[in-house]
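Note: the block below is start.cif and it holds mmCIF, C-alpha atoms.
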data_structure
#
loop_
_atom_site.group_PDB
_atom_site.id
_atom_site.type_symbol
_atom_site.label_atom_id
_atom_site.label_comp_id
_atom_site.auth_asym_id
_atom_site.auth_seq_id
_atom_site.Cartn_x
_atom_site.Cartn_y
_atom_site.Cartn_z
ATOM 1 C CA MET A 1 -121.212 -256.101 -78.198
ATOM 2 C CA LYS A 2 -119.034 -257.865 -80.776
ATOM 3 C CA ASN A 3 -119.817 -261.254 -79.218
ATOM 4 C CA ILE A 4 -123.552 -260.565 -79.313
ATOM 5 C CA LEU A 5 -123.393 -259.517 -82.980
ATOM 6 C CA LEU A 6 -121.337 -262.582 -83.887
ATOM 7 C CA SER A 7 -123.795 -264.819 -82.020
ATOM 8 C CA ILE A 8 -126.743 -263.309 -83.868
ATOM 9 C CA LEU A 9 -124.972 -263.651 -87.218
ATOM 10 C CA LEU A 10 -124.125 -267.262 -86.449
ATOM 11 C CA LEU A 11 -127.776 -268.021 -85.649
ATOM 12 C CA VAL A 12 -128.943 -266.361 -88.868
ATOM 13 C CA VAL A 13 -126.389 -268.298 -90.928
ATOM 14 C CA LEU A 14 -127.257 -271.596 -89.251
ATOM 15 C CA PHE A 15 -130.956 -270.983 -89.779
ATOM 16 C CA SER A 16 -130.606 -270.010 -93.422
ATOM 17 C CA ILE A 17 -128.162 -272.672 -94.641
ATOM 18 C CA GLY A 18 -129.923 -275.140 -96.830
ATOM 19 C CA CYS A 19 -133.447 -274.000 -96.096
ATOM 20 C CA LYS A 20 -136.084 -272.227 -98.062
ATOM 21 C CA ARG A 21 -138.232 -269.485 -96.692
ATOM 22 C CA GLN A 22 -141.710 -268.457 -97.715
ATOM 23 C CA ASP A 23 -142.684 -264.837 -97.463
ATOM 24 C CA ILE A 24 -146.074 -263.224 -97.584
ATOM 25 C CA LYS A 25 -146.090 -259.974 -99.497
ATOM 26 C CA PRO A 26 -147.479 -256.933 -97.694
ATOM 27 C CA ASN A 27 -151.234 -256.658 -97.915
ATOM 28 C CA ASN A 28 -152.333 -254.211 -100.609
ATOM 29 C CA ASN A 29 -156.082 -253.575 -100.794
ATOM 30 C CA ASP A 30 -156.227 -254.195 -104.558
ATOM 31 C CA GLN A 31 -153.882 -257.210 -104.604
ATOM 32 C CA GLU A 32 -154.112 -260.710 -103.201
ATOM 33 C CA ASN A 33 -151.455 -261.944 -100.814
ATOM 34 C CA THR A 34 -148.918 -264.012 -102.715
ATOM 35 C CA ILE A 35 -146.295 -266.409 -101.477
ATOM 36 C CA GLU A 36 -142.780 -266.255 -102.847
ATOM 37 C CA THR A 37 -139.999 -268.768 -102.184
ATOM 38 C CA VAL A 38 -136.511 -267.439 -101.547
ATOM 39 C CA SER A 39 -133.519 -269.772 -101.668
ATOM 40 C CA PHE A 40 -130.552 -269.013 -99.471
ATOM 41 C CA SER A 41 -127.209 -270.095 -100.858
ATOM 42 C CA ASP A 42 -123.982 -270.860 -99.055
ATOM 43 C CA GLU A 43 -122.349 -267.595 -98.049
ATOM 44 C CA PRO A 44 -118.893 -266.795 -96.770
ATOM 45 C CA SER A 45 -119.036 -266.267 -93.038
ATOM 46 C CA ILE A 46 -118.659 -262.792 -91.609
ATOM 47 C CA ARG A 47 -115.967 -262.823 -88.950
ATOM 48 C CA VAL A 48 -115.338 -259.134 -88.319
ATOM 49 C CA ASP A 49 -117.336 -256.166 -87.124
ATOM 50 C CA SER A 50 -118.430 -254.408 -90.322
ATOM 51 C CA GLU A 51 -119.427 -251.249 -88.445
ATOM 52 C CA SER A 52 -115.980 -249.684 -88.682
ATOM 53 C CA GLU A 53 -114.893 -250.902 -92.105
ATOM 54 C CA GLU A 54 -114.637 -248.943 -95.356
ATOM 55 C CA GLU A 55 -117.925 -248.393 -97.157
ATOM 56 C CA LEU A 56 -118.294 -248.269 -100.929
ATOM 57 C CA LYS A 57 -121.127 -246.467 -102.724
ATOM 58 C CA THR A 58 -124.683 -247.331 -101.696
ATOM 59 C CA VAL A 59 -127.485 -248.291 -104.092
ATOM 60 C CA TYR A 60 -131.186 -247.617 -103.515
ATOM 61 C CA PHE A 61 -134.380 -249.497 -104.356
ATOM 62 C CA ALA A 62 -138.014 -248.777 -105.141
ATOM 63 C CA PHE A 63 -140.685 -249.755 -102.617
ATOM 64 C CA ASP A 64 -141.028 -253.541 -102.271
ATOM 65 C CA LYS A 65 -138.514 -254.143 -105.095
ATOM 66 C CA SER A 66 -135.124 -255.779 -105.384
ATOM 67 C CA GLU A 67 -134.457 -254.940 -109.033
ATOM 68 C CA LEU A 68 -131.403 -252.816 -109.768
ATOM 69 C CA THR A 69 -131.979 -249.501 -111.552
ATOM 70 C CA GLN A 70 -129.721 -248.109 -114.269
ATOM 71 C CA ASP A 71 -128.217 -245.708 -111.700
ATOM 72 C CA SER A 72 -127.568 -248.642 -109.370
ATOM 73 C CA LEU A 73 -125.822 -250.579 -112.133
ATOM 74 C CA GLU A 74 -123.464 -247.658 -112.759
ATOM 75 C CA THR A 75 -122.729 -247.290 -109.044
ATOM 76 C CA LEU A 76 -122.032 -251.013 -108.712
ATOM 77 C CA LYS A 77 -119.680 -250.879 -111.722
ATOM 78 C CA GLU A 78 -117.656 -248.229 -109.875
ATOM 79 C CA ASN A 79 -117.618 -250.389 -106.735
ATOM 80 C CA ALA A 80 -116.579 -253.435 -108.794
ATOM 81 C CA ALA A 81 -113.717 -251.462 -110.367
ATOM 82 C CA TYR A 82 -112.467 -250.709 -106.843
ATOM 83 C CA LEU A 83 -112.762 -254.396 -105.931
ATOM 84 C CA MET A 84 -110.859 -255.438 -109.074
ATOM 85 C CA ARG A 85 -108.030 -253.040 -108.155
ATOM 86 C CA ASN A 86 -108.067 -254.322 -104.570
ATOM 87 C CA ASN A 87 -108.427 -258.009 -105.330
ATOM 88 C CA ARG A 88 -107.412 -259.086 -101.818
ATOM 89 C CA SER A 89 -110.389 -257.349 -100.207
ATOM 90 C CA ASN A 90 -113.523 -259.198 -99.151
ATOM 91 C CA VAL A 91 -116.856 -257.421 -98.830
ATOM 92 C CA VAL A 92 -120.238 -257.822 -97.221
ATOM 93 C CA VAL A 93 -123.350 -256.522 -98.949
ATOM 94 C CA GLU A 94 -125.929 -255.385 -96.403
ATOM 95 C CA GLY A 95 -129.566 -255.353 -97.502
ATOM 96 C CA HIS A 96 -131.871 -252.818 -95.837
ATOM 97 C CA THR A 97 -135.558 -251.865 -96.063
ATOM 98 C CA ASP A 98 -137.788 -249.062 -94.871
ATOM 99 C CA ASN A 99 -139.834 -249.528 -91.694
ATOM 100 C CA ARG A 100 -143.074 -250.674 -93.338
ATOM 101 C CA GLY A 101 -143.924 -254.375 -93.319
ATOM 102 C CA THR A 102 -143.208 -257.214 -90.914
ATOM 103 C CA ILE A 103 -139.783 -258.065 -89.563
ATOM 104 C CA GLU A 104 -139.782 -261.391 -91.416
ATOM 105 C CA TYR A 105 -140.832 -259.904 -94.735
ATOM 106 C CA ASN A 106 -138.279 -257.090 -94.507
ATOM 107 C CA LEU A 107 -135.449 -259.483 -93.627
ATOM 108 C CA SER A 108 -136.299 -261.509 -96.720
ATOM 109 C CA LEU A 109 -136.569 -258.404 -98.935
ATOM 110 C CA GLY A 110 -133.251 -257.101 -97.604
ATOM 111 C CA GLN A 111 -131.642 -260.464 -98.409
ATOM 112 C CA ARG A 112 -133.042 -260.428 -101.965
ATOM 113 C CA ARG A 113 -131.588 -256.936 -102.425
ATOM 114 C CA ALA A 114 -128.182 -258.010 -101.116
ATOM 115 C CA LEU A 115 -128.194 -261.113 -103.336
ATOM 116 C CA LYS A 116 -129.069 -259.012 -106.424
ATOM 117 C CA VAL A 117 -126.064 -256.800 -105.738
ATOM 118 C CA LYS A 118 -123.831 -259.841 -105.216
ATOM 119 C CA GLU A 119 -125.112 -261.397 -108.429
ATOM 120 C CA TYR A 120 -124.233 -258.256 -110.383
ATOM 121 C CA TYR A 121 -120.753 -258.072 -108.836
ATOM 122 C CA VAL A 122 -120.186 -261.682 -109.915
ATOM 123 C CA GLN A 123 -121.347 -260.820 -113.463
ATOM 124 C CA LEU A 124 -118.745 -258.037 -113.434
ATOM 125 C CA GLY A 125 -115.982 -260.516 -112.569
ATOM 126 C CA ILE A 126 -115.757 -260.425 -108.768
ATOM 127 C CA LEU A 127 -115.310 -263.909 -107.311
ATOM 128 C CA PRO A 128 -118.418 -264.990 -105.367
ATOM 129 C CA ASN A 129 -116.355 -266.255 -102.413
ATOM 130 C CA ARG A 130 -115.190 -262.664 -101.803
ATOM 131 C CA ILE A 131 -118.763 -261.453 -101.230
ATOM 132 C CA ALA A 132 -120.884 -262.215 -98.178
ATOM 133 C CA THR A 133 -124.455 -260.980 -97.809
ATOM 134 C CA ILE A 134 -126.574 -260.127 -94.807
ATOM 135 C CA SER A 135 -129.995 -258.611 -94.360
ATOM 136 C CA TYR A 136 -130.792 -256.161 -91.613
ATOM 137 C CA GLY A 137 -134.324 -255.544 -92.895
ATOM 138 C CA LYS A 138 -135.658 -252.475 -91.125
ATOM 139 C CA GLU A 139 -133.349 -252.789 -88.105
ATOM 140 C CA LYS A 140 -130.646 -250.260 -89.116
ATOM 141 C CA PRO A 141 -132.326 -247.206 -90.658
ATOM 142 C CA VAL A 142 -130.227 -244.212 -91.678
ATOM 143 C CA ASP A 143 -133.262 -241.911 -91.407
ATOM 144 C CA LEU A 144 -135.840 -242.293 -88.626
ATOM 145 C CA GLU A 145 -138.572 -240.082 -90.111
ATOM 146 C CA ASN A 146 -141.794 -241.543 -91.532
ATOM 147 C CA ASN A 147 -142.039 -239.995 -94.986
ATOM 148 C CA GLU A 148 -141.187 -240.843 -98.586
ATOM 149 C CA VAL A 149 -137.714 -239.270 -98.488
ATOM 150 C CA SER A 150 -136.795 -241.185 -95.339
ATOM 151 C CA TRP A 151 -138.162 -244.462 -96.680
ATOM 152 C CA LEU A 152 -136.183 -244.040 -99.909
ATOM 153 C CA ARG A 153 -132.932 -243.463 -97.977
ATOM 154 C CA ASN A 154 -133.543 -246.626 -95.943
ATOM 155 C CA ARG A 155 -134.278 -248.910 -98.936
ATOM 156 C CA ARG A 156 -130.673 -249.630 -99.793
ATOM 157 C CA ALA A 157 -127.814 -252.076 -100.206
ATOM 158 C CA VAL A 158 -124.495 -251.090 -98.669
ATOM 159 C CA THR A 159 -121.201 -252.694 -99.704
ATOM 160 C CA LYS A 160 -118.569 -252.706 -96.966
ATOM 161 C CA VAL A 161 -114.947 -253.815 -97.270
ATOM 162 C CA LEU A 162 -114.235 -256.373 -94.551
ATOM 163 C CA GLU A 163 -110.638 -257.467 -94.679
ATOM 164 C CA SER A 164 -107.610 -258.014 -96.850
ATOM 165 C CA LYS A 165 -106.430 -261.540 -97.490
ATOM 166 C CA ARG A 166 -102.792 -262.071 -96.685
#
Could you write out this file's structure as structure tokens?
Amino acid sequence: MKNILLSILLLVVLFSIGCKRQDIKPNNNDQENTIETVSFSDEPSIRVDSESEEELKTVYFAFDKSELTQDSLETLKENAAYLMRNNRSNVVVEGHTDNRGTIEYNLSLGQRRALKVKEYYVQLGILPNRIATISYGKEKPVDLENNEVSWLRNRRAVTKVLESKR
């Protein structure tokens, strides 16, 4: 299972390095489809299974948004304080979405969410090379129901501690 996950991650990294991706926003009856360009930056590679690693506090997002709320900013400050105290720890920020929308769109939205969290950590003084990002889109829900409460719980960014540098 680890080899499969690493292979998938490697393919995603290889695909995203140096390329731009265009995403079509979900179709709303009263809005036109718009195209948005997302740039993927160089990211540290993820070389461990993040499933079993320590998890910091999770932040949540509004539907189809990647902006951080005031509550999210406070939560991320607490996470950053932990990272400052444990300055040998690397993290991965996982971006997630609810189950509405296409796979491609949700992967892009999850990546924007993860990058927003990373950007804020960097503003708070965490070195960017300590933070990797990955998007799971709608592939790893924490709640399988189809209602507003479930969708809110799934629209999240999770920060996981990966390893300690020696």
| field | Selection under test: the PyMOL selection byres ((chain A and resi 77) around 12); residues as JSON, numbers by chain | value | {"A": [56, 57, 58, 59, 70, 71, 72, 73, 74, 75, 76, 78, 79, 80, 81, 82, 83, 84, 117, 118, 120, 121, 122, 123, 124, 125, 126]}
| query | Evaluating the PyMOL selection byres ((chain A and resi 65) around 12) on the displayed file yields which residues, as a PyMOL selection string? | reply | chain A and resi 25-26+60-64+66-69+95-98+106+108-114+116+152+155-157
Those same residues, written as a tab-separated table (two decimals), in the coordinates of the input with C-alpha atoms?
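File part_30.tsv, as written:
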chain	number	residue	atom	x	y	z
A	25	LYS	CA	-146.09	-259.97	-99.50
A	26	PRO	CA	-147.48	-256.93	-97.69
A	60	TYR	CA	-131.19	-247.62	-103.52
A	61	PHE	CA	-134.38	-249.50	-104.36
A	62	ALA	CA	-138.01	-248.78	-105.14
A	63	PHE	CA	-140.68	-249.76	-102.62
A	64	ASP	CA	-141.03	-253.54	-102.27
A	66	SER	CA	-135.12	-255.78	-105.38
A	67	GLU	CA	-134.46	-254.94	-109.03
A	68	LEU	CA	-131.40	-252.82	-109.77
A	69	THR	CA	-131.98	-249.50	-111.55
A	95	GLY	CA	-129.57	-255.35	-97.50
A	96	HIS	CA	-131.87	-252.82	-95.84
A	97	THR	CA	-135.56	-251.86	-96.06
A	98	ASP	CA	-137.79	-249.06	-94.87
A	106	ASN	CA	-138.28	-257.09	-94.51
A	108	SER	CA	-136.30	-261.51	-96.72
A	109	LEU	CA	-136.57	-258.40	-98.94
A	110	GLY	CA	-133.25	-257.10	-97.60
A	111	GLN	CA	-131.64	-260.46	-98.41
A	112	ARG	CA	-133.04	-260.43	-101.96
A	113	ARG	CA	-131.59	-256.94	-102.42
A	114	ALA	CA	-128.18	-258.01	-101.12
A	116	LYS	CA	-129.07	-259.01	-106.42
A	152	LEU	CA	-136.18	-244.04	-99.91
A	155	ARG	CA	-134.28	-248.91	-98.94
A	156	ARG	CA	-130.67	-249.63	-99.79
A	157	ALA	CA	-127.81	-252.08	-100.21
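The two atoms in question, atom CA of A:Val158 and atom CA of A:Asn146, are spaced 21.0 Å apart.
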| query | Between atom CA of A:Ile134 and atom CA of A:Asn86, what is the spacing in Å? | reply |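 Atom CA of A:Ile134 lies 21.7 Å from atom CA of A:Asn86.
Between A:Pro128 and the residues A:Thr102, A:Asn90, A:Val161, A:Leu144, the shortest atom-to-atom distance, using all atoms listed in the file, involves A:Asn90.
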| message | Calculated over all atoms listed in the file, which of the candidates A:Glu119, A:Glu94, A:Glu148, A:Glu104 has the smallest distance to A:Ser135? | response | A:Glu94
| said: Ranking A:Leu107, A:Arg130, A:Gly101, A:Asp143 by minimum distance to A:Ser89 and counting only C-alpha atoms, which one comes first? | reply: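 Closest residue, counting only C-alpha atoms: A:Arg130.
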